file target_25.cif (mmCIF, C-alpha atoms and all ligand atoms)
data_protein
loop_
_atom_site.group_PDB
_atom_site.id
_atom_site.type_symbol
_atom_site.label_atom_id
_atom_site.label_comp_id
_atom_site.auth_asym_id
_atom_site.auth_seq_id
_atom_site.Cartn_x
_atom_site.Cartn_y
_atom_site.Cartn_z
ATOM 1 C CA MET A 1 14.093 -48.708 25.679
ATOM 2 C CA ILE A 2 11.007 -46.803 26.857
ATOM 3 C CA VAL A 3 7.904 -47.243 24.719
ATOM 4 C CA MET A 4 6.407 -43.856 24.024
ATOM 5 C CA LYS A 5 2.824 -43.228 23.068
ATOM 6 C CA ARG A 6 2.122 -39.928 21.363
ATOM 7 C CA VAL A 7 -1.402 -38.543 21.177
ATOM 8 C CA LYS A 8 -2.653 -35.663 19.062
ATOM 9 C CA LEU A 9 -4.113 -32.492 20.469
ATOM 10 C CA LEU A 10 -5.160 -29.647 18.162
ATOM 11 C CA GLY A 11 -2.749 -30.948 15.542
ATOM 12 C CA TYR A 12 0.267 -31.342 17.879
ATOM 13 C CA GLU A 13 1.649 -34.572 19.255
ATOM 14 C CA ILE A 14 1.993 -34.942 23.004
ATOM 15 C CA ASP A 15 3.941 -37.671 24.797
ATOM 16 C CA THR A 16 1.949 -39.499 27.419
ATOM 17 C CA PHE A 17 4.562 -40.825 29.801
ATOM 18 C CA ASN A 18 4.186 -41.099 33.512
ATOM 19 C CA PHE A 19 6.832 -39.149 35.451
ATOM 20 C CA ASN A 20 9.352 -41.996 35.772
ATOM 21 C CA SER A 21 9.152 -43.078 32.127
ATOM 22 C CA ALA A 22 9.510 -39.452 31.027
ATOM 23 C CA VAL A 23 12.711 -39.175 33.073
ATOM 24 C CA GLU A 24 14.031 -42.496 31.728
ATOM 25 C CA HIS A 25 13.304 -41.475 28.147
ATOM 26 C CA ALA A 26 14.881 -38.041 28.639
ATOM 27 C CA GLN A 27 17.948 -39.727 30.099
ATOM 28 C CA GLU A 28 18.277 -41.757 26.897
ATOM 29 C CA LEU A 29 18.015 -38.518 24.914
ATOM 30 C CA MET A 30 20.652 -36.901 27.150
ATOM 31 C CA CYS A 31 23.080 -39.624 26.106
ATOM 32 C CA ASN A 32 22.411 -39.833 22.354
ATOM 33 C CA ASP A 33 24.228 -37.971 19.573
ATOM 34 C CA LYS A 34 21.721 -35.180 18.912
ATOM 35 C CA VAL A 35 20.537 -31.919 20.393
ATOM 36 C CA ASN A 36 17.108 -32.899 21.746
ATOM 37 C CA GLN A 37 14.393 -30.418 22.642
ATOM 38 C CA VAL A 38 11.911 -30.974 25.455
ATOM 39 C CA VAL A 39 8.816 -28.747 25.562
ATOM 40 C CA THR A 40 6.639 -28.815 28.664
ATOM 41 C CA ILE A 41 3.431 -27.720 27.014
ATOM 42 C CA ASN A 42 0.567 -25.685 28.488
ATOM 43 C CA PRO A 43 -2.609 -24.161 26.971
ATOM 44 C CA GLU A 44 -0.981 -20.751 26.395
ATOM 45 C CA MET A 45 1.526 -22.423 24.087
ATOM 46 C CA PHE A 46 -1.258 -23.723 21.827
ATOM 47 C CA THR A 47 -2.504 -20.154 21.487
ATOM 48 C CA THR A 48 1.018 -18.973 20.673
ATOM 49 C CA ALA A 49 1.408 -21.761 18.102
ATOM 50 C CA SER A 50 -1.814 -20.722 16.352
ATOM 51 C CA LYS A 51 -0.313 -17.262 15.697
ATOM 52 C CA ASP A 52 3.391 -18.000 15.354
ATOM 53 C CA ALA A 53 4.573 -20.275 12.519
ATOM 54 C CA GLU A 54 8.081 -20.768 13.942
ATOM 55 C CA PHE A 55 6.704 -21.811 17.315
ATOM 56 C CA SER A 56 4.198 -24.129 15.640
ATOM 57 C CA GLN A 57 7.007 -25.792 13.676
ATOM 58 C CA LEU A 58 9.297 -26.234 16.668
ATOM 59 C CA LEU A 59 6.472 -27.939 18.579
ATOM 60 C CA LYS A 60 6.172 -30.405 15.704
ATOM 61 C CA ASP A 61 9.933 -30.958 15.623
ATOM 62 C CA ALA A 62 10.453 -31.302 19.390
ATOM 63 C CA GLU A 63 11.824 -34.679 20.488
ATOM 64 C CA MET A 64 9.638 -34.636 23.616
ATOM 65 C CA VAL A 65 6.450 -32.704 24.349
ATOM 66 C CA ILE A 66 5.138 -33.354 27.829
ATOM 67 C CA PRO A 67 1.849 -32.117 29.295
ATOM 68 C CA ASP A 68 2.673 -29.621 32.017
ATOM 69 C CA GLY A 69 -0.496 -27.600 32.628
ATOM 70 C CA ILE A 70 -3.612 -29.199 34.074
ATOM 71 C CA GLY A 71 -5.408 -27.569 31.097
ATOM 72 C CA VAL A 72 -3.611 -29.938 28.709
ATOM 73 C CA LYS A 73 -4.471 -32.934 30.878
ATOM 74 C CA ILE A 74 -8.165 -31.952 30.873
ATOM 75 C CA ALA A 75 -8.097 -31.308 27.101
ATOM 76 C CA LEU A 76 -6.619 -34.754 26.490
ATOM 77 C CA LYS A 77 -9.283 -36.263 28.757
ATOM 78 C CA ILE A 78 -11.925 -34.566 26.583
ATOM 79 C CA MET A 79 -10.269 -36.277 23.604
ATOM 80 C CA GLY A 80 -10.538 -39.602 25.415
ATOM 81 C CA GLU A 81 -6.903 -39.864 26.574
ATOM 82 C CA ASN A 82 -6.056 -40.295 30.224
ATOM 83 C CA VAL A 83 -2.544 -38.945 30.803
ATOM 84 C CA ASP A 84 -0.394 -37.976 33.745
ATOM 85 C CA ARG A 85 0.427 -34.325 34.141
ATOM 86 C CA ILE A 86 4.176 -33.832 34.561
ATOM 87 C CA ALA A 87 5.202 -30.623 36.307
ATOM 88 C CA GLY A 88 8.122 -29.211 34.317
ATOM 89 C CA VAL A 89 9.874 -27.944 37.446
ATOM 90 C CA ASP A 90 9.918 -31.452 39.012
ATOM 91 C CA PHE A 91 10.924 -33.103 35.759
ATOM 92 C CA ALA A 92 13.834 -30.692 35.178
ATOM 93 C CA ARG A 93 14.986 -31.067 38.795
ATOM 94 C CA GLU A 94 15.077 -34.859 38.439
ATOM 95 C CA MET A 95 17.063 -34.507 35.201
ATOM 96 C CA ILE A 96 19.646 -32.502 37.173
ATOM 97 C CA ASN A 97 19.964 -35.429 39.597
ATOM 98 C CA ARG A 98 20.387 -37.840 36.666
ATOM 99 C CA ALA A 99 23.033 -35.650 35.016
ATOM 100 C CA ALA A 100 24.987 -35.485 38.296
ATOM 101 C CA GLU A 101 24.767 -39.276 38.756
ATOM 102 C CA LYS A 102 26.165 -39.762 35.262
ATOM 103 C CA ASN A 103 28.842 -37.065 35.646
ATOM 104 C CA MET A 104 27.338 -35.115 32.790
ATOM 105 C CA PRO A 105 28.015 -31.380 32.671
ATOM 106 C CA VAL A 106 25.057 -29.028 33.090
ATOM 107 C CA ALA A 107 24.316 -25.434 31.985
ATOM 108 C CA LEU A 108 21.633 -23.019 33.167
ATOM 109 C CA ILE A 109 20.507 -20.086 31.024
ATOM 110 C CA GLY A 110 17.859 -17.629 32.165
ATOM 111 C CA ALA A 111 16.240 -15.591 34.954
ATOM 112 C CA LYS A 112 17.584 -12.469 36.645
ATOM 113 C CA SER A 113 21.247 -12.714 37.569
ATOM 114 C CA GLU A 114 20.713 -12.715 41.362
ATOM 115 C CA ILE A 115 18.037 -15.426 41.003
ATOM 116 C CA LEU A 116 20.304 -17.489 38.788
ATOM 117 C CA GLU A 117 23.206 -17.193 41.250
ATOM 118 C CA LYS A 118 21.020 -18.347 44.150
ATOM 119 C CA ALA A 119 19.588 -21.223 42.095
ATOM 120 C CA VAL A 120 23.086 -22.374 41.042
ATOM 121 C CA SER A 121 24.401 -22.199 44.585
ATOM 122 C CA ASN A 122 21.365 -24.046 46.046
ATOM 123 C CA LEU A 123 21.582 -26.774 43.418
ATOM 124 C CA GLN A 124 25.299 -27.179 43.980
ATOM 125 C CA SER A 125 24.810 -27.695 47.696
ATOM 126 C CA GLU A 126 21.802 -30.010 47.249
ATOM 127 C CA VAL A 127 23.054 -32.272 44.461
ATOM 128 C CA LYS A 128 26.172 -34.363 44.986
ATOM 129 C CA ASN A 129 28.658 -34.349 42.067
ATOM 130 C CA LEU A 130 26.707 -31.691 40.159
ATOM 131 C CA ASN A 131 28.978 -30.104 37.558
ATOM 132 C CA ILE A 132 27.543 -26.776 36.349
ATOM 133 C CA VAL A 133 29.964 -25.746 33.619
ATOM 134 C CA TYR A 134 28.147 -22.644 32.417
ATOM 135 C CA SER A 135 25.400 -20.266 33.491
ATOM 136 C CA HIS A 136 24.113 -16.985 32.091
ATOM 137 C CA ASP A 137 21.205 -14.790 33.125
ATOM 138 C CA GLY A 138 18.216 -14.450 30.827
ATOM 139 C CA TYR A 139 18.452 -10.741 29.997
ATOM 140 C CA PHE A 140 21.083 -10.752 27.269
ATOM 141 C CA ASN A 141 21.733 -9.360 23.820
ATOM 142 C CA ASN A 142 24.808 -11.477 23.128
ATOM 143 C CA ILE A 143 23.179 -14.704 21.981
ATOM 144 C CA ASP A 144 26.097 -15.629 19.677
ATOM 145 C CA GLU A 145 28.535 -15.389 22.573
ATOM 146 C CA ILE A 146 26.271 -17.603 24.714
ATOM 147 C CA MET A 147 25.957 -20.192 21.925
ATOM 148 C CA ASN A 148 29.759 -20.163 21.527
ATOM 149 C CA GLU A 149 30.293 -20.687 25.248
ATOM 150 C CA LEU A 150 27.774 -23.537 25.241
ATOM 151 C CA LYS A 151 29.520 -25.057 22.273
ATOM 152 C CA ASN A 152 32.908 -24.829 23.969
ATOM 153 C CA GLN A 153 31.714 -26.228 27.303
ATOM 154 C CA SER A 154 29.519 -28.954 25.731
ATOM 155 C CA PRO A 155 27.078 -29.451 28.628
ATOM 156 C CA ARG A 156 24.862 -32.526 28.150
ATOM 157 C CA LEU A 157 21.918 -30.994 30.016
ATOM 158 C CA ILE A 158 20.945 -27.389 29.256
ATOM 159 C CA LEU A 159 18.053 -25.799 31.127
ATOM 160 C CA VAL A 160 16.649 -22.640 29.581
ATOM 161 C CA ALA A 161 14.430 -20.349 31.680
ATOM 162 C CA LEU A 162 13.392 -17.423 29.486
ATOM 163 C CA GLY A 163 9.618 -17.996 29.574
ATOM 164 C CA ALA A 164 7.694 -19.273 26.534
ATOM 165 C CA PRO A 165 8.033 -18.864 23.583
ATOM 166 C CA LYS A 166 11.496 -17.259 23.995
ATOM 167 C CA GLN A 167 13.091 -20.301 25.652
ATOM 168 C CA GLU A 168 11.695 -22.738 23.069
ATOM 169 C CA LYS A 169 12.985 -20.544 20.219
ATOM 170 C CA PHE A 170 16.407 -20.276 21.861
ATOM 171 C CA ILE A 171 16.565 -24.079 22.062
ATOM 172 C CA TYR A 172 15.304 -24.499 18.492
ATOM 173 C CA ALA A 173 18.061 -22.196 17.216
ATOM 174 C CA ALA A 174 20.636 -24.074 19.311
ATOM 175 C CA LYS A 175 19.717 -27.378 17.667
ATOM 176 C CA ASN A 176 21.742 -26.462 14.585
ATOM 177 C CA ILE A 177 24.695 -25.107 16.522
ATOM 178 C CA LEU A 178 25.452 -27.060 19.688
ATOM 179 C CA ASN A 179 27.026 -30.394 20.425
ATOM 180 C CA PRO A 180 24.702 -33.215 21.574
ATOM 181 C CA ALA A 181 22.640 -32.238 24.592
ATOM 182 C CA LEU A 182 19.219 -32.449 26.152
ATOM 183 C CA MET A 183 17.652 -28.972 26.285
ATOM 184 C CA ILE A 184 14.564 -28.220 28.345
ATOM 185 C CA GLY A 185 12.536 -24.991 28.500
ATOM 186 C CA VAL A 186 11.882 -24.622 32.229
ATOM 187 C CA GLY A 187 9.903 -21.352 32.645
ATOM 188 C CA GLY A 188 9.991 -20.093 36.210
ATOM 189 C CA SER A 189 11.924 -23.070 37.646
ATOM 190 C CA PHE A 190 15.064 -21.089 38.556
ATOM 191 C CA ASP A 191 12.880 -18.697 40.568
ATOM 192 C CA VAL A 192 11.655 -21.727 42.552
ATOM 193 C CA TRP A 193 15.118 -23.278 42.986
ATOM 194 C CA SER A 194 16.518 -19.927 44.127
ATOM 195 C CA GLY A 195 14.029 -20.033 47.008
ATOM 196 C CA VAL A 196 12.642 -16.622 45.997
ATOM 197 C CA VAL A 197 9.366 -18.022 44.616
ATOM 198 C CA GLN A 198 7.497 -20.670 46.613
ATOM 199 C CA ARG A 199 5.864 -23.686 44.979
ATOM 200 C CA ALA A 200 2.144 -24.009 45.632
ATOM 201 C CA PRO A 201 1.351 -26.139 48.694
ATOM 202 C CA LYS A 202 1.086 -29.884 47.945
ATOM 203 C CA ILE A 203 -2.716 -29.823 48.177
ATOM 204 C CA TYR A 204 -2.896 -27.323 45.265
ATOM 205 C CA GLN A 205 -0.413 -29.459 43.269
ATOM 206 C CA LYS A 206 -2.421 -32.645 43.880
ATOM 207 C CA MET A 207 -5.664 -30.966 42.803
ATOM 208 C CA GLY A 208 -4.046 -29.530 39.666
ATOM 209 C CA LEU A 209 -4.576 -26.009 40.997
ATOM 210 C CA GLU A 210 -0.962 -24.807 41.032
ATOM 211 C CA TRP A 211 -1.919 -22.249 38.360
ATOM 212 C CA LEU A 212 -4.576 -20.810 40.709
ATOM 213 C CA TYR A 213 -2.048 -20.431 43.529
ATOM 214 C CA ARG A 214 0.470 -18.743 41.217
ATOM 215 C CA THR A 215 -2.228 -16.407 39.896
ATOM 216 C CA ILE A 216 -3.250 -15.424 43.426
ATOM 217 C CA LYS A 217 0.416 -14.763 44.316
ATOM 218 C CA GLN A 218 1.189 -12.971 41.036
ATOM 219 C CA PRO A 219 -2.122 -11.431 39.836
ATOM 220 C CA GLU A 220 -0.379 -10.093 36.695
ATOM 221 C CA ARG A 221 -0.402 -13.721 35.453
ATOM 222 C CA PHE A 222 -4.203 -13.472 35.183
ATOM 223 C CA LYS A 223 -4.018 -11.802 31.781
ATOM 224 C CA ARG A 224 -1.823 -14.648 30.495
ATOM 225 C CA ILE A 225 -4.338 -17.303 31.465
ATOM 226 C CA PHE A 226 -7.467 -15.428 30.330
ATOM 227 C CA PRO A 227 -8.796 -15.565 27.711
ATOM 228 C CA ALA A 228 -6.223 -18.157 26.472
ATOM 229 C CA LEU A 229 -7.412 -20.979 28.742
ATOM 230 C CA PRO A 230 -11.205 -20.798 28.053
ATOM 231 C CA LEU A 231 -10.554 -20.306 24.331
ATOM 232 C CA PHE A 232 -8.262 -23.328 24.288
ATOM 233 C CA MET A 233 -10.918 -25.445 26.031
ATOM 234 C CA LEU A 234 -13.615 -24.247 23.590
ATOM 235 C CA LYS A 235 -11.392 -25.172 20.647
ATOM 236 C CA VAL A 236 -10.816 -28.662 22.058
ATOM 237 C CA LEU A 237 -14.565 -29.126 22.676
ATOM 238 C CA LYS A 238 -15.284 -27.993 19.122
ATOM 239 C CA TYR A 239 -12.853 -30.601 17.774
ATOM 240 C CA ARG A 240 -14.424 -33.240 19.986
ATOM 241 C CA ILE A 241 -18.052 -32.423 19.211
ATOM 242 C CA GLY A 242 -17.330 -31.897 15.523
ATOM 243 C CA GLY A 243 -15.645 -35.296 15.473
ATOM 244 C CA GLU A 244 -12.626 -33.720 13.793
ATOM 245 C CA LYS A 245 -9.443 -35.709 14.008
ATOM 246 C CA CYS A 246 -7.542 -33.802 16.661
HETATM 247 N N1 LIG B 1 12.982 -14.439 31.806
HETATM 248 C C1 LIG B 1 14.249 -14.230 31.312
HETATM 249 N N2 LIG B 1 14.412 -13.427 30.236
HETATM 250 C C2 LIG B 1 13.365 -12.816 29.624
HETATM 251 C C3 LIG B 1 12.060 -13.074 30.108
HETATM 252 C C4 LIG B 1 11.898 -13.893 31.214
HETATM 253 O O1 LIG B 1 15.217 -14.768 31.838
HETATM 254 O O2 LIG B 1 13.591 -12.103 28.655
HETATM 255 C C5 LIG B 1 12.831 -15.322 32.966
HETATM 256 C C6 LIG B 1 12.107 -14.736 34.153
HETATM 257 O O3 LIG B 1 13.026 -13.982 34.923
HETATM 258 C C7 LIG B 1 11.621 -15.989 34.839
HETATM 259 C C8 LIG B 1 11.367 -16.953 33.668
HETATM 260 O O4 LIG B 1 12.035 -16.406 32.555
HETATM 261 O O5 LIG B 1 12.644 -16.510 35.641
HETATM 262 C C9 LIG B 1 9.922 -17.070 33.209
HETATM 263 O O6 LIG B 1 9.123 -17.317 34.225
HETATM 264 P P1 LIG B 1 7.556 -17.441 34.032
HETATM 265 O O7 LIG B 1 7.009 -17.527 35.405
HETATM 266 O O8 LIG B 1 7.037 -16.399 33.110
HETATM 267 O O9 LIG B 1 7.461 -18.825 33.256
HETATM 268 P P2 LIG B 1 6.363 -19.945 33.286
HETATM 269 O O10 LIG B 1 6.788 -20.903 34.352
HETATM 270 O O11 LIG B 1 5.058 -19.311 33.528
HETATM 271 O O12 LIG B 1 6.508 -20.484 31.883
#

call {"tool": "encode", "arguments": {"input": "target_25.cif", "output": "structure tokens", "more": "lines below"}}
Ligand code: UDP
result
Amino acid sequence: MIVMKRVKLLGYEIDTFNFNSAVEHAQELMCNDKVNQVVTINPEMFTTASKDAEFSQLLKDAEMVIPDGIGVKIALKIMGENVDRIAGVDFAREMINRAAEKNMPVALIGAKSEILEKAVSNLQSEVKNLNIVYSHDGYFNNIDEIMNELKNQSPRLILVALGAPKQEKFIYAAKNILNPALMIGVGGSFDVWSGVVQRAPKIYQKMGLEWLYRTIKQPERFKRIFPALPLFMLKVLKYRIGGEKC
């Protein structure tokens, strides 16, 4: 049994595992009798939660909330908590390995169809015994059909790559419908696994500057980060200075 410590940030609880404990804990969730939601949280999601009641609620109900963005790590540091940042793409990839080791079926939902196909084929050749029982691209208007297929195939690991908050809402809706599974919102991970989008070089990852690399490569991401990131930091500082319980 992994001991989890949750800390509060702007009213939401964040799990403060290191990478290995996060994987171990998620593996326990993958084997229990519930649909479990993992959110890999970044500053933009706090902004979304402040405007979107459903998203705010699902963050509170999520079985695991792990700090993905460096912004969340810095915010927690401001609040006096030293936590490891866990890159969602690495975490999800390790969960695929674990599912394969345990012979647990896997499903992938999201991304453009050609990206999804490449990601599925790369994963199948990289991971021994991987059993992908269902995949569907992320540009659909047949959600009921997809839920039915997922229910019939009963994958134990379901990765959803629709971008936030769409993927988190998809998972939240699935909680009342599907058989037990671990469901993770994985953002642009399929793009990376397809080989079409490159990860930032290791030096950027180590320095917590992966966001900068992605923004340079895809300048349209700039408007997602600004003004959300500075506003998020200001809010955290206000909590800290005001001595409010965060
Ligand atoms: N996407 C999708 N359906 C949509 C919107 C987005 O499948 O309606 C996919 C998109 O193709 C990409 C992923 O969701 O593969 C989101 O990637 P993004 O880089 O925005 O996510 P991040 O990692 O920043 O959360």

call {"tool": "residues_near_ligand", "arguments": {"input": "target_25.cif", "ligand": "ligand LIG 1 (chain B)", "cutoff": "7 Å", "atoms": "only C-alpha atoms and all ligand atoms", "output": "list in words"}}
result
Gly110, Ala111, Lys112, Asp137, Gly138, Tyr139, Ala161, Leu162, Gly163, Ala164, Val186, Gly187, Gly188, Ser189, Phe190 and Asp191 of chain A

call {"tool": "residues_around", "arguments": {"input": "target_25.cif", "residues": "region 19-23 of chain A", "least_positions_apart": "4", "cutoff": "12 Å", "atoms": "only C-alpha atoms", "output": "PyMOL selection string"}}
result
chain A and resi 1-5+14-15+27-30+38+40+63-68+83-99+182

call {"tool": "residues_around", "arguments": {"input": "target_25.cif", "residues": "Phe222 (chain A)", "least_positions_apart": "5", "cutoff": "10 Å", "atoms": "all atoms listed in the file", "output": "JSON, numbers by chain"}}
result
{"A": [211, 212, 214, 215, 216, 227]}

call {"tool": "atom_distance", "arguments": {"input": "target_25.cif", "atom1": "CA of Ser135 (chain A)", "atom2": "CA of Leu108 (chain A)"}}
result
4.7 Å

call {"tool": "resolve_selection", "arguments": {"input": "target_25.cif", "expression": "the PyMOL selection byres (((chain A and resi 230-242) around 10) and not hetatm)", "output": "number ranges by chain"}}
result
A: 9-10, 43-47, 71-72, 74-76, 78-80, 225-229, 243-246

call {"tool": "atom_distance", "arguments": {"input": "target_25.cif", "atom1": "CA of Arg224 (chain A)", "atom2": "CA of Asp52 (chain A)"}}
result
16.4 Å

call {"tool": "residues_around", "arguments": {"input": "target_25.cif", "residues": "region 192-209 of chain A", "least_positions_apart": "6", "cutoff": "6 Å", "atoms": "all atoms listed in the file", "output": "ChimeraX atom specification"}}
result
/A:70,115,118-119

call {"tool": "write_last_selection", "arguments": {"input": "target_25.cif", "atoms": "C-alpha atoms", "output": "compact mmCIF listing (two decimals), in the frame of the given file"}}
result
# COMPACT_ATOMS: atom_id res chain seq x y z
CA ILE A 70 -3.61 -29.20 34.07
CA ILE A 115 18.04 -15.43 41.00
CA LYS A 118 21.02 -18.35 44.15
CA ALA A 119 19.59 -21.22 42.10

call {"tool": "atom_distance", "arguments": {"input": "target_25.cif", "atom1": "CA of Ala53 (chain A)", "atom2": "CA of Tyr172 (chain A)"}}
result
13.0 Å

call {"tool": "resolve_selection", "arguments": {"input": "target_25.cif", "expression": "the PyMOL selection byres (((chain A and resi 176-180) around 10) and not hetatm)", "output": "MDAnalysis selection string"}}
result
chainID A and resid 29:36 147:157 171:175 181:183

call {"tool": "closest_residue", "arguments": {"input": "target_25.cif", "among": "A:Glu220, A:Ile184, A:Tyr12, A:Pro105", "to": "Leu59 (chain A)", "atoms": "only C-alpha atoms"}}
result
A:Tyr12

call {"tool": "axis_aligned_box", "arguments": {"input": "target_25.cif", "around": "region 44-59 of chain A", "padding_each_side": "4 Å", "output": "lines of an AutoDock Vina configuration file"}}
result
center_x = 3.4
center_y = -22.6
center_z = 19.5
size_x = 19.8
size_y = 18.7
size_z = 21.9

call {"tool": "resolve_selection", "arguments": {"input": "target_25.cif", "expression": "the PyMOL selection byres (((chain A and resi 132) around 7) and not hetatm)", "output": "mmCIF file with C-alpha atoms, in the frame of the given file"}}
result
data_model
loop_
_atom_site.group_PDB
_atom_site.id
_atom_site.type_symbol
_atom_site.label_atom_id
_atom_site.label_comp_id
_atom_site.auth_asym_id
_atom_site.auth_seq_id
_atom_site.Cartn_x
_atom_site.Cartn_y
_atom_site.Cartn_z
ATOM 1 C CA PRO A 105 28.015 -31.380 32.671
ATOM 2 C CA VAL A 106 25.057 -29.028 33.090
ATOM 3 C CA ALA A 107 24.316 -25.434 31.985
ATOM 4 C CA LEU A 130 26.707 -31.691 40.159
ATOM 5 C CA ASN A 131 28.978 -30.104 37.558
ATOM 6 C CA VAL A 133 29.964 -25.746 33.619
ATOM 7 C CA TYR A 134 28.147 -22.644 32.417
#

call {"tool": "closest_residue", "arguments": {"input": "target_25.cif", "among": "A:Lys77, A:His136, A:Lys51, A:Lys169", "to": "Thr16 (chain A)", "atoms": "all atoms listed in the file"}}
result
A:Lys77

call {"tool": "closest_residue", "arguments": {"input": "target_25.cif", "among": "A:Thr48, A:Ile146, A:Glu101, A:Val39", "to": "Ala62 (chain A)", "atoms": "only C-alpha atoms"}}
result
A:Val39

call {"tool": "decode", "arguments": {"input": "target_25.cif", "residues": "region 97-112 of chain A", "atoms": "C-alpha atoms", "output": "PDB file, in the first residue's frame"}}
result
ATOM      1  CA  ASN A  97       4.101  -1.010 -19.664  1.00  0.00           C
ATOM      2  CA  ARG A  98       2.435  -2.029 -16.383  1.00  0.00           C
ATOM      3  CA  ALA A  99      -0.835  -2.933 -18.120  1.00  0.00           C
ATOM      4  CA  ALA A 100       1.062  -5.103 -20.630  1.00  0.00           C
ATOM      5  CA  GLU A 101       3.008  -6.843 -17.833  1.00  0.00           C
ATOM      6  CA  LYS A 102      -0.262  -7.659 -16.090  1.00  0.00           C
ATOM      7  CA  ASN A 103      -2.047  -8.702 -19.301  1.00  0.00           C
ATOM      8  CA  MET A 104      -4.592  -5.961 -18.819  1.00  0.00           C
ATOM      9  CA  PRO A 105      -6.412  -4.699 -21.904  1.00  0.00           C
ATOM     10  CA  VAL A 106      -5.816  -1.098 -22.966  1.00  0.00           C
ATOM     11  CA  ALA A 107      -7.844   1.482 -24.945  1.00  0.00           C
ATOM     12  CA  LEU A 108      -6.744   4.744 -26.549  1.00  0.00           C
ATOM     13  CA  ILE A 109      -9.227   7.515 -27.338  1.00  0.00           C
ATOM     14  CA  GLY A 110      -8.191  10.775 -28.965  1.00  0.00           C
ATOM     15  CA  ALA A 111      -6.025  12.661 -31.477  1.00  0.00           C
ATOM     16  CA  LYS A 112      -6.363  12.733 -35.258  1.00  0.00           C
TER      17      LYS A 112
END
